[in-house]
Every structure is written in structure tokens, then in C-alpha cells.
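Novice: One structure follows; several queries about it will come next.
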Amino acid sequence: MKPAWFSFGGTAAIVTSMGLIFGLEAAASTRQAIVSALLIVALTDNLSDSLSVHVYQEAENLDSREAFRSTLANFLARLLVALSFVALVLLAPRDLLSGIAVAWGFALLSALTYRIARARKRPVACEIAKHVAIALLVLAASRALGAWISSYAG
């Protein structure tokens with residue numbers, strides 16, 4: 001399976017799921033609300049992004065079968081990653097949820113980055129550091145937004 005088929009979807013699902021968990025926890029959301037948000041994003045955002053990728057590939061004149069396989073792989077990668085975070089939310093103790101979700105997310109992101117860096121013959125540690133740094137910015141913004149919402153609504 002080509003990394004391009006699942007790299008977009010996998011990365012989006014990892015960072016989005018971590019951001020949702022981080023932000024919604026800061027907003028004092030219930031476990032049910034966090035699971036609901038993850039599932040809604042896993043389906044609706046996933047479908048819209050998969051369609052966008054597919055239309056882009058068609059616009060680039062990619063072979064129809066190749067575009068379909070890529071779109072399907074993107075959708076399935078996002079769905080499976082998002083469902084793994086749903087499982088974490090349902091199974092992890094509430095006070096450890098953010099830490100476990102971040103550890104899981106960074107492990108997935110690092111594994112994906114490792115595979116892509118090796119395929120591109122790029123320095124693995126540098127590529128992982130760049131991607132983790134960007135994910136940390138997303139987490140910081142999510143946490144700040146969740147805390148602001150909690151203080152504003154509370």
C-alpha cells in the first residue's frame with residue numbers, strides 16, 4: 001500500500017482526534033460528548049475530505065482506479081484511527097485520558113512519519129520532530145480554546 005494513499009487521512013485523523021480530546025477535556029466535556037465529537041468527525045469530516053482528495057486526484061488526471069483506491073484507503077485510514085481514539089476515550093481512566101491520547105497519537109504520527117521519511121530518504125528524526133512540533137501547536141490551541149469556552153460558558 002502506497003504511503004500517499006493513507007498519509008493524508010492518517011495524519012488528519014491523528015491530529016484532529018488528539019485536538020478534540022484535548023480541547024473538549026479542557027472545556028469539561030463529558031466522555032459521551034467527546035465520543036460523539038470523535039464519531040461525527042470520523043464520518044462527516046472524513047467523507048468530505050475523502051471526496052475532496054478524490055476530486056483533486058481527478059483534476060490531476062489520475063487514473064480512475066488509482067484515485068478510487070487512494071480515496072478508499074484515505075477514508076479507511078481516517079476511520080480506523082478515529083475509532084482507535086474512541087476506544088481510548090471509552091477505556092482510559094478519565095484523569096489519564098489526555099496523556100494516553102497524546103502518547104497514542106504521537107506514536108501513530110511518528111510511525112507514519114518514519115515510513116514516509118524512509119521512503120523519501122529523509123532524516124527520520126528531523127521529520128518526526130517537525131510533525132510533532134506542528135501537532136503540539138494544534139494541541140496548545142485546542143487546549144486554550146477549550147479552556148476559554150469553559151470559562152466563558154461557566
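Labels used: A, B, ... for chains in the order of the C-alpha cells, numbers from 1 for residues in each chain, and numbers from 1 for ligands as shown.
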Give me the residues of range 35-79 of chain A that have any atom at most 12 Å from an atom of range 89-110 of chain A; for each, the nearest atom pair and the distance in Å, rounded to one decimal. Use only C-alpha atoms, sort by chain and number, and format it as a tab-separated table.

Specialist:
```
residue	atom	partner	partner_atom	distance
A:Val35	CA	A:Val89	CA	6.8
A:Ser36	CA	A:Val89	CA	10.6
A:Ala37	CA	A:Val89	CA	11.3
A:Leu38	CA	A:Val89	CA	9.6
A:Leu39	CA	A:Val89	CA	11.5
A:Ala77	CA	A:Leu108	CA	11.5
A:Arg78	CA	A:Leu108	CA	12.0
```

Novice: Export, as a PDB file, in the first residue's frame, the selected residues with C-alpha atoms.

Specialist:
```
ATOM      1  CA  VAL A  35     -17.017  10.212  21.825  1.00  0.00           C
ATOM      2  CA  SER A  36     -19.818  11.943  19.914  1.00  0.00           C
ATOM      3  CA  ALA A  37     -17.447  14.587  18.554  1.00  0.00           C
ATOM      4  CA  LEU A  38     -14.887  11.974  17.517  1.00  0.00           C
ATOM      5  CA  LEU A  39     -17.523   9.888  15.716  1.00  0.00           C
ATOM      6  CA  ALA A  77      -7.207   5.117   7.487  1.00  0.00           C
ATOM      7  CA  ARG A  78      -9.072   8.063   8.996  1.00  0.00           C
TER       8      ARG A  78
END
```

Novice: Find the residues around Ala28 in chain A up to 12 Å (only C-alpha atoms counted), leave out those fewer than 2 positions away in its own chain, and share them as an NGL selection string.

Specialist: :A and (21-26 or 30-34 or 94-95 or 143 or 145-151 or 153-154)

Novice: Keeping only N, CA and C atoms, write the selected residues to a file as a CSV table (one decimal), in the first residue's frame.

Specialist:
```csv
chain,number,residue,atom,x,y,z
A,21,ILE,N,-9.9,15.7,21.8
A,21,ILE,CA,-9.8,15.2,23.1
A,21,ILE,C,-9.3,16.3,24.1
A,22,PHE,N,-8.2,16.9,23.6
A,22,PHE,CA,-7.5,17.9,24.5
A,22,PHE,C,-8.4,19.1,24.7
A,23,GLY,N,-9.0,19.6,23.6
A,23,GLY,CA,-9.9,20.8,23.7
A,23,GLY,C,-11.2,20.5,24.5
A,24,LEU,N,-11.8,19.4,24.2
A,24,LEU,CA,-13.1,19.1,24.9
A,24,LEU,C,-12.9,18.7,26.4
A,25,GLU,N,-11.7,18.1,26.7
A,25,GLU,CA,-11.4,17.9,28.1
A,25,GLU,C,-11.2,19.2,28.9
A,26,ALA,N,-10.5,20.2,28.2
A,26,ALA,CA,-10.3,21.5,28.8
A,26,ALA,C,-11.7,22.2,29.0
A,30,THR,N,-18.2,15.9,28.8
A,30,THR,CA,-18.4,14.6,29.3
A,30,THR,C,-17.7,13.6,28.3
A,31,ARG,N,-17.5,12.4,28.8
A,31,ARG,CA,-17.0,11.3,27.9
A,31,ARG,C,-17.9,11.1,26.7
A,32,GLN,N,-19.2,11.2,26.9
A,32,GLN,CA,-20.2,11.0,25.9
A,32,GLN,C,-20.0,12.1,24.8
A,33,ALA,N,-19.8,13.3,25.2
A,33,ALA,CA,-19.6,14.4,24.3
A,33,ALA,C,-18.3,14.2,23.5
A,34,ILE,N,-17.3,13.7,24.1
A,34,ILE,CA,-16.0,13.5,23.4
A,34,ILE,C,-16.2,12.4,22.4
A,94,ARG,N,-10.5,8.6,33.2
A,94,ARG,CA,-10.7,10.0,32.8
A,94,ARG,C,-9.5,10.9,33.1
A,95,ASP,N,-8.9,10.7,34.3
A,95,ASP,CA,-7.8,11.6,34.7
A,95,ASP,C,-6.5,11.3,33.8
A,143,ARG,N,-6.4,23.2,23.5
A,143,ARG,CA,-6.5,23.3,25.0
A,143,ARG,C,-6.9,24.7,25.4
A,145,LEU,N,-8.5,26.9,23.5
A,145,LEU,CA,-9.8,27.2,23.1
A,145,LEU,C,-10.8,26.5,24.0
A,146,GLY,N,-10.5,25.3,24.4
A,146,GLY,CA,-11.4,24.5,25.3
A,146,GLY,C,-11.5,25.2,26.7
A,147,ALA,N,-10.4,25.7,27.2
A,147,ALA,CA,-10.3,26.4,28.5
A,147,ALA,C,-11.1,27.7,28.4
A,148,TRP,N,-10.9,28.4,27.3
A,148,TRP,CA,-11.7,29.7,27.1
A,148,TRP,C,-13.2,29.4,27.0
A,149,ILE,N,-13.6,28.4,26.3
A,149,ILE,CA,-15.0,28.1,26.2
A,149,ILE,C,-15.5,27.7,27.6
A,150,SER,N,-14.8,26.9,28.3
A,150,SER,CA,-15.2,26.5,29.7
A,150,SER,C,-15.4,27.7,30.6
A,151,SER,N,-14.4,28.7,30.5
A,151,SER,CA,-14.5,29.9,31.4
A,151,SER,C,-15.6,30.8,30.9
A,153,ALA,N,-18.4,29.9,29.2
A,153,ALA,CA,-19.8,29.3,29.3
A,153,ALA,C,-20.1,29.0,30.8
A,154,GLY,N,-19.0,29.0,31.6
A,154,GLY,CA,-19.2,28.6,33.0
A,154,GLY,C,-19.6,29.8,33.8
```

Novice: For range 121-133 of chain A, please output as a list in words all residues within 10 Å (counting only C-alpha atoms; exclusion window: fewer than 3 positions along the same chain).

Specialist: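 Non-adjacent residues within range: Thr11, Val15, Gly105, Phe106, Ala107, Leu109, Ser110, Ala111, Leu112, Thr113, Tyr114, Arg115, Ile116, Ala117, Arg118, Leu136, Leu137, Val138 and Leu139 of chain A.
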
Novice: Determine the nearest neighbour of Thr16 in chain A from the options A:Val41, A:Ala141, A:Leu88, A:Leu83, counting only C-alpha atoms.

Specialist: A:Val41

Novice: Extract the full set of alpha helix (DSSP H) residues from range 88-121 of chain A according to DSSP on the backbone, and format it as a list in words.

Specialist: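 So the alpha helix (DSSP H) residues in range 88-121 of chain A would be Leu88, Val89, Leu90, Leu91, Leu97, Ser98, Gly99, Ile100, Ala101, Val102, Ala103, Trp104, Gly105, Phe106, Ala107, Leu108, Leu109, Ser110, Ala111, Leu112, Thr113, Tyr114, Arg115, Ile116, Ala117, Arg118, Ala119 and Arg120 of chain A.
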
Novice: Write out, as a short mmCIF file (atom, residue, chain, number, x, y, z; two decimals), in the first residue's frame, the residues just selected, with C-alpha atoms.

Specialist:
```
data_model
loop_
_atom_site.label_atom_id
_atom_site.label_comp_id
_atom_site.auth_asym_id
_atom_site.auth_seq_id
_atom_site.Cartn_x
_atom_site.Cartn_y
_atom_site.Cartn_z
CA LEU A 88 -9.23 5.12 24.24
CA VAL A 89 -11.90 7.53 25.44
CA LEU A 90 -14.18 4.66 26.39
CA LEU A 91 -11.50 2.58 28.13
CA LEU A 97 -7.17 10.29 29.05
CA SER A 98 -5.28 13.28 27.66
CA GLY A 99 -1.90 11.75 28.39
CA ILE A 100 -2.84 8.39 26.91
CA ALA A 101 -4.39 10.02 23.83
CA VAL A 102 -1.30 12.16 23.25
CA ALA A 103 1.04 9.19 23.71
CA TRP A 104 -1.04 7.11 21.27
CA GLY A 105 -1.30 9.97 18.79
CA PHE A 106 2.41 10.73 18.84
CA ALA A 107 3.23 7.03 18.47
CA LEU A 108 0.97 6.81 15.40
CA LEU A 109 2.25 10.09 13.96
CA SER A 110 5.86 9.04 14.50
CA ALA A 111 5.29 5.64 12.86
CA LEU A 112 3.61 7.25 9.86
CA THR A 113 6.32 9.89 9.60
CA TYR A 114 9.03 7.23 9.91
CA ARG A 115 7.57 5.27 7.00
CA ILE A 116 7.29 8.34 4.80
CA ALA A 117 10.74 9.67 5.73
CA ARG A 118 12.35 6.32 4.93
CA ALA A 119 10.54 6.15 1.58
CA ARG A 120 11.74 9.68 0.75
#
```
